[in-house]
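For reference, target14.json is printed below; it contains JSON, C-alpha atoms.
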```json
[["chain", "number", "residue", "atom", "x", "y", "z"],
["A", 1, "MET", "CA", 19.21, -12.10, 8.29],
["A", 2, "GLU", "CA", 17.27, -12.22, 5.04],
["A", 3, "CYS", "CA", 13.77, -10.86, 5.00],
["A", 4, "ARG", "CA", 11.04, -12.62, 3.04],
["A", 5, "VAL", "CA", 7.78, -11.08, 1.84],
["A", 6, "LEU", "CA", 4.71, -12.93, 0.57],
["A", 7, "SER", "CA", 2.96, -10.51, -1.79],
["A", 8, "ILE", "CA", -0.58, -11.43, -2.89],
["A", 9, "GLN", "CA", -1.57, -8.91, -5.57],
["A", 10, "SER", "CA", -2.50, -8.40, -9.22],
["A", 11, "HIS", "CA", -0.09, -9.07, -12.07],
["A", 12, "VAL", "CA", 0.02, -7.33, -15.45],
["A", 13, "VAL", "CA", 2.05, -8.36, -18.47],
["A", 14, "ARG", "CA", 2.60, -4.73, -19.48],
["A", 15, "GLY", "CA", 3.11, -1.93, -16.99],
["A", 16, "TYR", "CA", 3.16, -1.50, -13.23],
["A", 17, "VAL", "CA", 0.38, -2.35, -10.82],
["A", 18, "GLY", "CA", 0.09, -4.80, -7.91],
["A", 19, "ASN", "CA", 3.00, -7.21, -7.74],
["A", 20, "LYS", "CA", 4.70, -5.52, -10.70],
["A", 21, "SER", "CA", 4.65, -2.27, -8.70],
["A", 22, "ALA", "CA", 5.80, -3.84, -5.41],
["A", 23, "SER", "CA", 8.28, -6.61, -6.26],
["A", 24, "PHE", "CA", 11.06, -4.72, -8.05],
["A", 25, "PRO", "CA", 11.33, -1.92, -5.43],
["A", 26, "LEU", "CA", 11.35, -4.43, -2.57],
["A", 27, "GLN", "CA", 13.96, -6.59, -4.28],
["A", 28, "VAL", "CA", 16.13, -3.54, -4.96],
["A", 29, "LEU", "CA", 15.98, -2.83, -1.21],
["A", 30, "GLY", "CA", 17.16, -6.36, -0.38],
["A", 31, "PHE", "CA", 13.89, -8.20, 0.33],
["A", 32, "GLU", "CA", 13.14, -11.68, -1.02],
["A", 33, "VAL", "CA", 9.69, -11.45, -2.60],
["A", 34, "ASP", "CA", 7.42, -14.46, -3.18],
["A", 35, "SER", "CA", 4.51, -13.40, -5.41],
["A", 36, "ILE", "CA", 1.05, -14.88, -5.72],
["A", 37, "ASN", "CA", -0.78, -13.21, -8.61],
["A", 38, "SER", "CA", -4.43, -12.68, -7.70],
["A", 39, "VAL", "CA", -5.13, -11.82, -11.34],
["A", 40, "GLN", "CA", -3.08, -12.04, -14.50],
["A", 41, "PHE", "CA", -4.12, -9.34, -16.96],
["A", 42, "SER", "CA", -2.55, -8.05, -20.16],
["A", 43, "ASN", "CA", -2.44, -4.55, -18.64],
["A", 44, "HIS", "CA", -4.32, -2.48, -16.04],
["A", 45, "THR", "CA", -8.00, -1.75, -16.56],
["A", 46, "GLY", "CA", -7.48, 1.96, -17.28],
["A", 47, "TYR", "CA", -6.58, 1.05, -20.88],
["A", 48, "SER", "CA", -9.25, 0.75, -23.58],
["A", 49, "HIS", "CA", -8.85, -3.05, -23.62],
["A", 50, "TRP", "CA", -7.66, -5.71, -21.22],
["A", 51, "LYS", "CA", -7.72, -9.49, -21.16],
["A", 52, "GLY", "CA", -6.75, -12.08, -18.62],
["A", 53, "GLN", "CA", -7.50, -14.50, -15.82],
["A", 54, "VAL", "CA", -8.57, -14.24, -12.19],
["A", 55, "LEU", "CA", -7.25, -16.55, -9.46],
["A", 56, "THR", "CA", -10.01, -18.13, -7.35],
["A", 57, "ALA", "CA", -9.88, -18.72, -3.59],
["A", 58, "ASP", "CA", -9.44, -22.45, -4.24],
["A", 59, "GLU", "CA", -6.54, -21.84, -6.62],
["A", 60, "LEU", "CA", -4.92, -19.55, -4.02],
["A", 61, "HIS", "CA", -5.29, -22.33, -1.45],
["A", 62, "VAL", "CA", -3.64, -24.85, -3.81],
["A", 63, "LEU", "CA", -0.63, -22.56, -4.33],
["A", 64, "TYR", "CA", -0.26, -22.01, -0.60],
["A", 65, "GLU", "CA", -0.56, -25.77, 0.06],
["A", 66, "GLY", "CA", 2.37, -26.33, -2.33],
["A", 67, "ILE", "CA", 4.53, -23.85, -0.41],
["A", 68, "LYS", "CA", 3.49, -25.48, 2.87],
["A", 69, "LEU", "CA", 4.20, -29.06, 1.73],
["A", 70, "ASN", "CA", 7.79, -28.04, 1.05],
["A", 71, "SER", "CA", 8.04, -26.34, 4.47],
["A", 72, "VAL", "CA", 9.01, -23.03, 2.88],
["A", 73, "ASN", "CA", 6.08, -21.09, 4.33],
["A", 74, "HIS", "CA", 8.09, -18.96, 6.76],
["A", 75, "TYR", "CA", 7.54, -15.25, 6.08],
["A", 76, "ASP", "CA", 8.55, -12.01, 7.79],
["A", 77, "TYR", "CA", 5.97, -9.92, 5.92],
["A", 78, "VAL", "CA", 2.75, -10.36, 4.00],
["A", 79, "LEU", "CA", 1.62, -7.62, 1.60],
["A", 80, "THR", "CA", -1.85, -7.38, 0.01],
["A", 81, "GLY", "CA", -3.69, -4.86, -2.16],
["A", 82, "TYR", "CA", -6.71, -4.75, -4.46],
["A", 83, "THR", "CA", -9.15, -7.67, -4.32],
["A", 84, "ARG", "CA", -12.69, -7.93, -5.69],
["A", 85, "ASP", "CA", -13.77, -11.27, -4.24],
["A", 86, "THR", "CA", -14.88, -11.98, -0.65],
["A", 87, "SER", "CA", -13.98, -15.69, -0.66],
["A", 88, "PHE", "CA", -10.48, -14.83, -1.95],
["A", 89, "LEU", "CA", -10.06, -12.21, 0.78],
["A", 90, "GLU", "CA", -11.24, -14.63, 3.47],
["A", 91, "MET", "CA", -8.75, -17.22, 2.21],
["A", 92, "VAL", "CA", -5.99, -14.57, 2.46],
["A", 93, "VAL", "CA", -6.97, -14.01, 6.10],
["A", 94, "ASP", "CA", -6.84, -17.76, 6.82],
["A", 95, "ILE", "CA", -3.34, -17.95, 5.29],
["A", 96, "ILE", "CA", -2.13, -14.93, 7.28],
["A", 97, "GLN", "CA", -3.47, -16.36, 10.55],
["A", 98, "GLU", "CA", -1.64, -19.64, 9.87],
["A", 99, "LEU", "CA", 1.59, -17.81, 8.96],
["A", 100, "LYS", "CA", 1.31, -15.73, 12.15],
["A", 101, "ARG", "CA", 0.95, -18.87, 14.24],
["A", 102, "ALA", "CA", 4.21, -20.12, 12.69],
["A", 103, "ASN", "CA", 5.91, -16.73, 13.10],
["A", 104, "PRO", "CA", 4.28, -14.47, 15.73],
["A", 105, "ASN", "CA", 6.59, -11.63, 14.62],
["A", 106, "LEU", "CA", 5.18, -11.63, 11.07],
["A", 107, "VAL", "CA", 4.06, -8.16, 9.95],
["A", 108, "TYR", "CA", 1.02, -7.92, 7.69],
["A", 109, "VAL", "CA", 0.90, -4.78, 5.52],
["A", 110, "CYS", "CA", -2.56, -4.20, 4.07],
["A", 111, "ASP", "CA", -3.79, -1.61, 1.61],
["A", 112, "PRO", "CA", -7.57, -1.90, 2.26],
["A", 113, "VAL", "CA", -8.70, -0.97, -1.26],
["A", 114, "LEU", "CA", -12.39, -0.06, -1.10],
["A", 115, "GLY", "CA", -12.78, 3.17, -3.05],
["A", 116, "ASP", "CA", -12.04, 6.89, -3.07],
["A", 117, "HIS", "CA", -13.73, 10.31, -3.10],
["A", 118, "GLY", "CA", -16.98, 9.02, -1.63],
["A", 119, "SER", "CA", -17.61, 6.01, -3.86],
["A", 120, "MET", "CA", -16.67, 2.35, -3.64],
["A", 121, "TYR", "CA", -14.95, 0.65, -6.55],
["A", 122, "VAL", "CA", -15.14, -2.85, -5.13],
["A", 123, "PRO", "CA", -18.35, -4.81, -4.37],
["A", 124, "GLN", "CA", -20.14, -3.63, -1.19],
["A", 125, "ASN", "CA", -19.83, -7.05, 0.46],
["A", 126, "LEU", "CA", -16.04, -6.62, 0.79],
["A", 127, "HIS", "CA", -16.52, -3.82, 3.32],
["A", 128, "PRO", "CA", -17.55, -6.04, 6.30],
["A", 129, "VAL", "CA", -14.80, -8.56, 5.45],
["A", 130, "TYR", "CA", -12.13, -5.84, 5.60],
["A", 131, "LYS", "CA", -13.64, -4.32, 8.74],
["A", 132, "ASN", "CA", -14.24, -7.51, 10.73],
["A", 133, "LYS", "CA", -11.60, -9.93, 9.45],
["A", 134, "VAL", "CA", -8.76, -8.24, 7.55],
["A", 135, "VAL", "CA", -8.00, -5.09, 9.56],
["A", 136, "PRO", "CA", -7.95, -7.01, 12.89],
["A", 137, "VAL", "CA", -5.05, -9.20, 11.64],
["A", 138, "ALA", "CA", -3.19, -6.31, 9.94],
["A", 139, "ASP", "CA", -0.18, -4.58, 11.50],
["A", 140, "ILE", "CA", 0.24, -1.72, 9.02],
["A", 141, "ILE", "CA", -2.63, -0.28, 6.95],
["A", 142, "THR", "CA", -2.62, 2.41, 4.26],
["A", 143, "PRO", "CA", -6.21, 3.58, 3.68],
["A", 144, "ASN", "CA", -7.12, 6.83, 1.96],
["A", 145, "GLN", "CA", -9.54, 9.16, 3.78],
["A", 146, "PHE", "CA", -12.66, 7.54, 2.31],
["A", 147, "GLU", "CA", -11.46, 4.03, 3.27],
["A", 148, "ALA", "CA", -10.51, 5.14, 6.80],
["A", 149, "GLU", "CA", -13.97, 6.70, 7.23],
["A", 150, "LEU", "CA", -15.68, 3.60, 5.86],
["A", 151, "LEU", "CA", -13.76, 1.25, 8.17],
["A", 152, "THR", "CA", -14.46, 3.31, 11.32],
["A", 153, "GLY", "CA", -17.87, 4.79, 10.49],
["A", 154, "LYS", "CA", -16.54, 8.26, 11.37],
["A", 155, "ASN", "CA", -16.16, 11.25, 9.05],
["A", 156, "ILE", "CA", -12.97, 13.30, 8.82],
["A", 157, "SER", "CA", -13.36, 17.05, 8.46],
["A", 158, "THR", "CA", -10.58, 18.25, 10.78],
["A", 159, "GLU", "CA", -7.12, 17.06, 11.80],
["A", 160, "LYS", "CA", -8.60, 16.17, 15.20],
["A", 161, "ASP", "CA", -11.14, 13.90, 13.45],
["A", 162, "ALA", "CA", -8.30, 12.25, 11.54],
["A", 163, "VAL", "CA", -6.39, 11.53, 14.76],
["A", 164, "GLU", "CA", -9.57, 10.04, 16.31],
["A", 165, "VAL", "CA", -10.11, 7.87, 13.22],
["A", 166, "MET", "CA", -6.50, 6.63, 13.37],
["A", 167, "ASP", "CA", -6.98, 5.84, 17.09],
["A", 168, "LEU", "CA", -10.13, 3.87, 16.25],
["A", 169, "LEU", "CA", -8.18, 1.95, 13.59],
["A", 170, "HIS", "CA", -5.46, 1.19, 16.19],
["A", 171, "LYS", "CA", -8.16, -0.22, 18.47],
["A", 172, "MET", "CA", -9.24, -2.53, 15.62],
["A", 173, "GLY", "CA", -5.73, -4.03, 15.39],
["A", 174, "PRO", "CA", -2.99, -2.26, 13.38],
["A", 175, "ASP", "CA", -0.18, -0.51, 15.25],
["A", 176, "THR", "CA", 0.70, 1.61, 12.21],
["A", 177, "VAL", "CA", -1.88, 3.58, 10.22],
["A", 178, "VAL", "CA", -1.10, 5.94, 7.33],
["A", 179, "ILE", "CA", -3.97, 7.85, 5.74],
["A", 180, "THR", "CA", -2.35, 8.25, 2.34],
["A", 181, "SER", "CA", -4.46, 11.19, 1.15],
["A", 182, "SER", "CA", -7.18, 13.40, 2.61],
["A", 183, "ASP", "CA", -9.30, 16.43, 1.74],
["A", 184, "LEU", "CA", -8.01, 18.39, 4.75],
["A", 185, "PRO", "CA", -6.66, 21.85, 3.91],
["A", 186, "SER", "CA", -2.88, 22.10, 3.71],
["A", 187, "HIS", "CA", -0.97, 24.96, 5.35],
["A", 188, "LEU", "CA", 0.95, 25.19, 2.07],
["A", 189, "GLY", "CA", -2.14, 26.03, -0.02],
["A", 190, "ASP", "CA", -4.53, 24.23, -2.34],
["A", 191, "ARG", "CA", -1.79, 22.71, -4.51],
["A", 192, "PHE", "CA", -1.01, 20.28, -1.67],
["A", 193, "LEU", "CA", -2.90, 17.46, -0.06],
["A", 194, "VAL", "CA", -2.49, 16.25, 3.51],
["A", 195, "SER", "CA", -1.47, 12.74, 4.55],
["A", 196, "LEU", "CA", -1.41, 11.61, 8.17],
["A", 197, "GLY", "CA", 0.21, 8.77, 10.06],
["A", 198, "SER", "CA", -0.02, 7.26, 13.52],
["A", 199, "GLN", "CA", 2.12, 4.57, 15.13],
["A", 200, "ARG", "CA", 1.70, 2.84, 18.48],
["A", 201, "VAL", "CA", 5.08, 1.82, 19.87],
["A", 202, "LEU", "CA", 5.69, -0.52, 22.80],
["A", 203, "MET", "CA", 8.37, 1.03, 25.01],
["A", 204, "PRO", "CA", 11.05, -1.05, 26.82],
["A", 205, "ASP", "CA", 9.25, -0.43, 30.15],
["A", 206, "GLY", "CA", 6.03, -1.95, 28.77],
["A", 207, "THR", "CA", 4.09, 1.28, 28.25],
["A", 208, "ARG", "CA", 2.68, 2.31, 24.89],
["A", 209, "THR", "CA", 3.34, 5.63, 23.19],
["A", 210, "THR", "CA", 1.80, 6.96, 19.97],
["A", 211, "GLN", "CA", 3.67, 9.03, 17.39],
["A", 212, "ARG", "CA", 1.49, 10.99, 14.98],
["A", 213, "ILE", "CA", 2.68, 12.85, 11.91],
["A", 214, "ARG", "CA", 1.33, 14.88, 9.03],
["A", 215, "ILE", "CA", 2.93, 15.41, 5.67],
["A", 216, "ASP", "CA", 1.94, 17.86, 2.94],
["A", 217, "VAL", "CA", 2.20, 16.28, -0.51],
["A", 218, "PRO", "CA", 2.19, 18.22, -3.81],
["A", 219, "LYS", "CA", -0.85, 17.41, -5.96],
["A", 220, "VAL", "CA", -0.20, 16.08, -9.45],
["A", 221, "ASP", "CA", -2.55, 16.70, -12.38],
["A", 222, "ALA", "CA", -2.58, 13.17, -13.80],
["A", 223, "VAL", "CA", -4.08, 9.79, -13.08],
["A", 224, "PHE", "CA", -1.50, 7.18, -12.14],
["A", 225, "VAL", "CA", -2.14, 3.50, -11.62],
["A", 226, "GLY", "CA", 0.02, 1.39, -9.28],
["A", 227, "THR", "CA", 1.07, 4.24, -6.99],
["A", 228, "GLY", "CA", -0.87, 2.84, -4.02],
["A", 229, "ASP", "CA", 0.83, -0.54, -4.50],
["A", 230, "LEU", "CA", 4.25, 1.12, -4.65],
["A", 231, "PHE", "CA", 3.40, 3.19, -1.57],
["A", 232, "ALA", "CA", 2.45, 0.16, 0.56],
["A", 233, "ALA", "CA", 5.62, -1.70, -0.54],
["A", 234, "MET", "CA", 7.84, 1.29, 0.30],
["A", 235, "LEU", "CA", 6.16, 1.78, 3.67],
["A", 236, "LEU", "CA", 6.84, -1.91, 4.40],
["A", 237, "ALA", "CA", 10.51, -1.43, 3.48],
["A", 238, "TRP", "CA", 11.11, 1.80, 5.35],
["A", 239, "THR", "CA", 9.21, 0.79, 8.52],
["A", 240, "HIS", "CA", 11.40, -2.34, 8.47],
["A", 241, "HIS", "CA", 14.48, -0.11, 8.57],
["A", 242, "TYR", "CA", 12.91, 2.41, 11.01],
["A", 243, "PRO", "CA", 10.46, 0.30, 13.06],
["A", 244, "THR", "CA", 9.88, 2.92, 15.78],
["A", 245, "ASP", "CA", 10.36, 6.10, 13.74],
["A", 246, "LEU", "CA", 7.27, 6.69, 11.62],
["A", 247, "LYS", "CA", 8.43, 10.22, 10.74],
["A", 248, "THR", "CA", 11.57, 9.00, 8.94],
["A", 249, "ALA", "CA", 9.81, 5.98, 7.39],
["A", 250, "CYS", "CA", 7.12, 8.26, 5.93],
["A", 251, "GLU", "CA", 9.61, 10.87, 4.72],
["A", 252, "LYS", "CA", 11.52, 8.15, 2.85],
["A", 253, "THR", "CA", 8.33, 6.58, 1.47],
["A", 254, "PHE", "CA", 6.73, 9.83, 0.29],
["A", 255, "SER", "CA", 10.05, 10.99, -1.17],
["A", 256, "VAL", "CA", 10.35, 7.81, -3.26],
["A", 257, "MET", "CA", 6.79, 8.40, -4.48],
["A", 258, "HIS", "CA", 7.64, 11.99, -5.41],
["A", 259, "HIS", "CA", 10.73, 11.00, -7.42],
["A", 260, "VAL", "CA", 8.96, 8.19, -9.30],
["A", 261, "ILE", "CA", 5.90, 10.33, -10.08],
["A", 262, "GLN", "CA", 7.97, 13.32, -11.23],
["A", 263, "ARG", "CA", 10.06, 11.12, -13.50],
["A", 264, "THR", "CA", 6.89, 9.49, -14.86],
["A", 265, "ILE", "CA", 5.08, 12.76, -15.54],
["A", 266, "SER", "CA", 8.09, 14.33, -17.28],
["A", 267, "TYR", "CA", 8.42, 11.29, -19.51],
["A", 268, "ALA", "CA", 4.67, 11.12, -20.22],
["A", 269, "HIS", "CA", 4.50, 14.78, -21.28],
["A", 270, "GLU", "CA", 7.61, 14.42, -23.41],
["A", 271, "MET", "CA", 6.12, 11.37, -25.17],
["A", 272, "ALA", "CA", 2.64, 12.89, -25.60],
["A", 273, "GLY", "CA", 3.92, 16.17, -27.04],
["A", 274, "PRO", "CA", 2.85, 19.76, -26.29],
["A", 275, "GLY", "CA", -0.80, 20.28, -25.32],
["A", 276, "ARG", "CA", -1.76, 16.59, -25.50],
["A", 277, "ARG", "CA", -2.92, 14.45, -22.61],
["A", 278, "PRO", "CA", -0.66, 11.44, -22.05],
["A", 279, "SER", "CA", -2.16, 7.98, -22.66],
["A", 280, "PRO", "CA", -2.35, 5.23, -20.01],
["A", 281, "ALA", "CA", 0.67, 3.55, -21.65],
["A", 282, "GLN", "CA", 2.71, 6.78, -21.43],
["A", 283, "LEU", "CA", 1.72, 7.19, -17.76],
["A", 284, "GLU", "CA", 3.02, 3.78, -16.65],
["A", 285, "LEU", "CA", 5.35, 4.32, -13.69],
["A", 286, "ARG", "CA", 9.02, 4.77, -14.60],
["A", 287, "MET", "CA", 10.04, 2.11, -12.13],
["A", 288, "VAL", "CA", 13.31, 0.71, -13.50],
["A", 289, "GLN", "CA", 14.51, 4.23, -14.34],
["A", 290, "SER", "CA", 13.92, 5.19, -10.67],
["A", 291, "LYS", "CA", 16.09, 2.42, -9.21],
["A", 292, "ALA", "CA", 18.59, 4.84, -7.61],
["A", 293, "ASP", "CA", 15.79, 6.91, -6.03],
["A", 294, "ILE", "CA", 14.16, 3.77, -4.64],
["A", 295, "GLU", "CA", 17.44, 2.60, -3.09],
["A", 296, "ASP", "CA", 18.42, 5.94, -1.58],
["A", 297, "PRO", "CA", 15.77, 8.64, -1.93],
["A", 298, "ALA", "CA", 16.77, 12.27, -1.55],
["A", 299, "ILE", "CA", 14.39, 13.51, 1.17],
["A", 300, "VAL", "CA", 12.08, 16.08, -0.42],
["A", 301, "MET", "CA", 9.11, 15.59, 1.94],
["A", 302, "GLU", "CA", 9.27, 16.80, 5.52],
["A", 303, "ALA", "CA", 6.87, 15.30, 8.06],
["A", 304, "THR", "CA", 5.60, 17.31, 11.03],
["A", 305, "VAL", "CA", 5.14, 15.54, 14.36],
["A", 306, "LEU", "CA", 1.70, 16.34, 15.80]]
```

Give the structure from the file, written as structure tokens.
Amino acid sequence: MECRVLSIQSHVVRGYVGNKSASFPLQVLGFEVDSINSVQFSNHTGYSHWKGQVLTADELHVLYEGIKLNSVNHYDYVLTGYTRDTSFLEMVVDIIQELKRANPNLVYVCDPVLGDHGSMYVPQNLHPVYKNKVVPVADIITPNQFEAELLTGKNISTEKDAVEVMDLLHKMGPDTVVITSSDLPSHLGDRFLVSLGSQRVLMPDGTRTTQRIRIDVPKVDAVFVGTGDLFAAMLLAWTHHYPTDLKTACEKTFSVMHHVIQRTISYAHEMAGPGRRPSPAQLELRMVQSKADIEDPAIVMEATVL
């Protein structure tokens, strides 16, 4: 049975963010991907210059209407990432609700991009839209620590706090929550950061059980763009293959990330030369070169069940 994903994300001509970061890996893993480009830019905004266009909520609606008129609006998954506009985000929610009415088994994977390290990098008025409208219709969410705290109004300073925050997020809607990065201390030392996951699973007898995991991820001294988009896409893919085994899905997802990032950093340093910081262009993810790792990642990240 073929699996179809509607991915509503940014597009860049050069490089890998948004749909460019998500489509190829999903297609390699056998998913049909229908892309709506929320923006079309020359490149990501970490470069010195960028040019391009932004899709409005009305234009998004027009594209969706076209799909609907042809009766090809049946999806198994919806994937969304960075958005700067409240009306666009609200239109996304309307579309997802309609798609879920048509297919109650549809899974919505949402990266609730709000900010990081204590500061927001989207307009403040997106926060209530994510909290009150988006997260309640999401099935899988991938916030970082700051975003998880913002959505729940609770700070994380211990692993126990993190578990409570993930439980609060479950109560808001999503059955699967992965906090992609946190400031919690790692048992492996300060060269690692801690990620945590929680999944509510409905058992055959009708009861619910929750699996919680933590994973220690090596820190990398470089700024990458598009990694969050790749992460959400890979979590979609691997939870599809392991729907009730968050531990395995996360080990596969984090291992893919590790392989792609290592390949990218090696290449960037080689291109930049000794003692020079790589440029944004040199740090673009080595996506095509990582095809084999995306398809069948060697497991280099071990998750611990809490």

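The gap separating CA of Val135 (chain A) from CA of Glu149 (chain A) is 13.4 Å, in Å to one decimal.
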
Pick out the residues sitting within 9 Å of Gly18 (chain A), and hand them over as a compact mmCIF listing (two decimals) with C-alpha atoms, in the coordinates of the input; count only C-alpha atoms, and ignore anything fewer than 3 positions along from it in its own chain.
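Result saved to part20.txt:
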```txt
# COMPACT_ATOMS: atom_id res chain seq x y z
CA SER A 7 2.96 -10.51 -1.79
CA ILE A 8 -0.58 -11.43 -2.89
CA GLN A 9 -1.57 -8.91 -5.57
CA SER A 10 -2.50 -8.40 -9.22
CA HIS A 11 -0.09 -9.07 -12.07
CA VAL A 12 0.02 -7.33 -15.45
CA SER A 21 4.65 -2.27 -8.70
CA ALA A 22 5.80 -3.84 -5.41
CA SER A 23 8.28 -6.61 -6.26
CA ASN A 37 -0.78 -13.21 -8.61
CA THR A 80 -1.85 -7.38 0.01
CA GLY A 81 -3.69 -4.86 -2.16
CA TYR A 82 -6.71 -4.75 -4.46
CA GLY A 226 0.02 1.39 -9.28
CA GLY A 228 -0.87 2.84 -4.02
CA ASP A 229 0.83 -0.54 -4.50
CA LEU A 230 4.25 1.12 -4.65
```

Original post:
Rounded to one decimal in Å, what is the spacing between CA of Pro185 (chain A) and CA of Tyr242 (chain A)?
Top reply: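 Between CA of Pro185 (chain A) and CA of Tyr242 (chain A) the gap is 28.5 Å.
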
Subject >> Residues near region 253-262 of chain A, cut-off 7 Å, all atoms listed in the file, skip fewer than 5 positions along chain, as a list in words >> reply: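 Selected residues are Phe231, Met234, Leu235, Trp238, Leu285, Arg286, Met287, Ser290, Asp293, Ile294, Pro297, Ala298, Ile299, Val300 and Met301 of chain A.
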
**OP:** Identify, on the basis of all atoms listed in the file, every residue whose closest approach to His61 (chain A) does not exceed 8 Å; exclude the query and any residue fewer than 4 positions from it along the same chain; express the result as a PyMOL selection string.
**Re:** chain A and resi 57+65+91

Subject >> Nearest candidate to Gln27 (chain A) (options A:Val5, A:Val62, A:Ala249, A:Val13; using only C-alpha atoms) >> reply: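 Under the stated criterion, the closest residue is A:Val5.
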
**OP:** May I ask for the distance between CA of Met172 (chain A) and CA of Thr210 (chain A), given in Å to one decimal place?
**Re:**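 Calculated distance between CA of Met172 (chain A) and CA of Thr210 (chain A) is 15.2 Å.
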
**OP:** Up to 12 Å from (-5.3, 15.7, -1.1) in the file's coordinates: name the residues, counting all atoms listed in the file, as a list of chain:residue names.
**Re:** A:Asp116, A:His117, A:Asn144, A:Gln145, A:Phe146, A:Ile179, A:Thr180, A:Ser181, A:Ser182, A:Asp183, A:Leu184, A:Pro185, A:Ser186, A:Leu188, A:Gly189, A:Asp190, A:Arg191, A:Phe192, A:Leu193, A:Val194, A:Ser195, A:Leu196, A:Ile215, A:Asp216, A:Val217, A:Pro218, A:Lys219, A:Val220, A:Asp221

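Selecting by distance to (-10.9, -5.2, -0.5) with a limit of 9 Å and using only C-alpha atoms, one obtains Gly81, Tyr82, Thr83, Arg84, Asp85, Thr86, Leu89, Asp111, Pro112, Val113, Leu114, Gly115, Val122, Pro123, Leu126, His127, Val129, Tyr130 and Val134 of chain A.
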
Write out as JSON an axis-aligned box for region 124-129 of chain A: all of its atoms listed in the file, 4 Å added on each side, centre and edge lengths in Å with one decimal.
```
{"center_x": -17.5, "center_y": -6.1, "center_z": 2.6, "size_x": 13.3, "size_y": 12.9, "size_z": 15.5}
```

Original post:
Within 12 Å of Val165 (chain A), counting all atoms listed in the file, which residues qualify if same-chain residues fewer than 4 places away don't, as a VMD selection string?
Top reply: chain A and resid 143 to 161 169 to 172 177 to 179 196 to 198

Using C-alpha atoms, can you export the residues from the last selection as a PDB file, in the coordinates of the input?
```pdb
ATOM      1  CA  PRO A 143      -6.210   3.580   3.680  1.00  0.00           C
ATOM      2  CA  ASN A 144      -7.120   6.830   1.960  1.00  0.00           C
ATOM      3  CA  GLN A 145      -9.540   9.160   3.780  1.00  0.00           C
ATOM      4  CA  PHE A 146     -12.660   7.540   2.310  1.00  0.00           C
ATOM      5  CA  GLU A 147     -11.460   4.030   3.270  1.00  0.00           C
ATOM      6  CA  ALA A 148     -10.510   5.140   6.800  1.00  0.00           C
ATOM      7  CA  GLU A 149     -13.970   6.700   7.230  1.00  0.00           C
ATOM      8  CA  LEU A 150     -15.680   3.600   5.860  1.00  0.00           C
ATOM      9  CA  LEU A 151     -13.760   1.250   8.170  1.00  0.00           C
ATOM     10  CA  THR A 152     -14.460   3.310  11.320  1.00  0.00           C
ATOM     11  CA  GLY A 153     -17.870   4.790  10.490  1.00  0.00           C
ATOM     12  CA  LYS A 154     -16.540   8.260  11.370  1.00  0.00           C
ATOM     13  CA  ASN A 155     -16.160  11.250   9.050  1.00  0.00           C
ATOM     14  CA  ILE A 156     -12.970  13.300   8.820  1.00  0.00           C
ATOM     15  CA  SER A 157     -13.360  17.050   8.460  1.00  0.00           C
ATOM     16  CA  THR A 158     -10.580  18.250  10.780  1.00  0.00           C
ATOM     17  CA  GLU A 159      -7.120  17.060  11.800  1.00  0.00           C
ATOM     18  CA  LYS A 160      -8.600  16.170  15.200  1.00  0.00           C
ATOM     19  CA  ASP A 161     -11.140  13.900  13.450  1.00  0.00           C
ATOM     20  CA  LEU A 169      -8.180   1.950  13.590  1.00  0.00           C
ATOM     21  CA  HIS A 170      -5.460   1.190  16.190  1.00  0.00           C
ATOM     22  CA  LYS A 171      -8.160  -0.220  18.470  1.00  0.00           C
ATOM     23  CA  MET A 172      -9.240  -2.530  15.620  1.00  0.00           C
ATOM     24  CA  VAL A 177      -1.880   3.580  10.220  1.00  0.00           C
ATOM     25  CA  VAL A 178      -1.100   5.940   7.330  1.00  0.00           C
ATOM     26  CA  ILE A 179      -3.970   7.850   5.740  1.00  0.00           C
ATOM     27  CA  LEU A 196      -1.410  11.610   8.170  1.00  0.00           C
ATOM     28  CA  GLY A 197       0.210   8.770  10.060  1.00  0.00           C
ATOM     29  CA  SER A 198      -0.020   7.260  13.520  1.00  0.00           C
TER      30      SER A 198
END
```
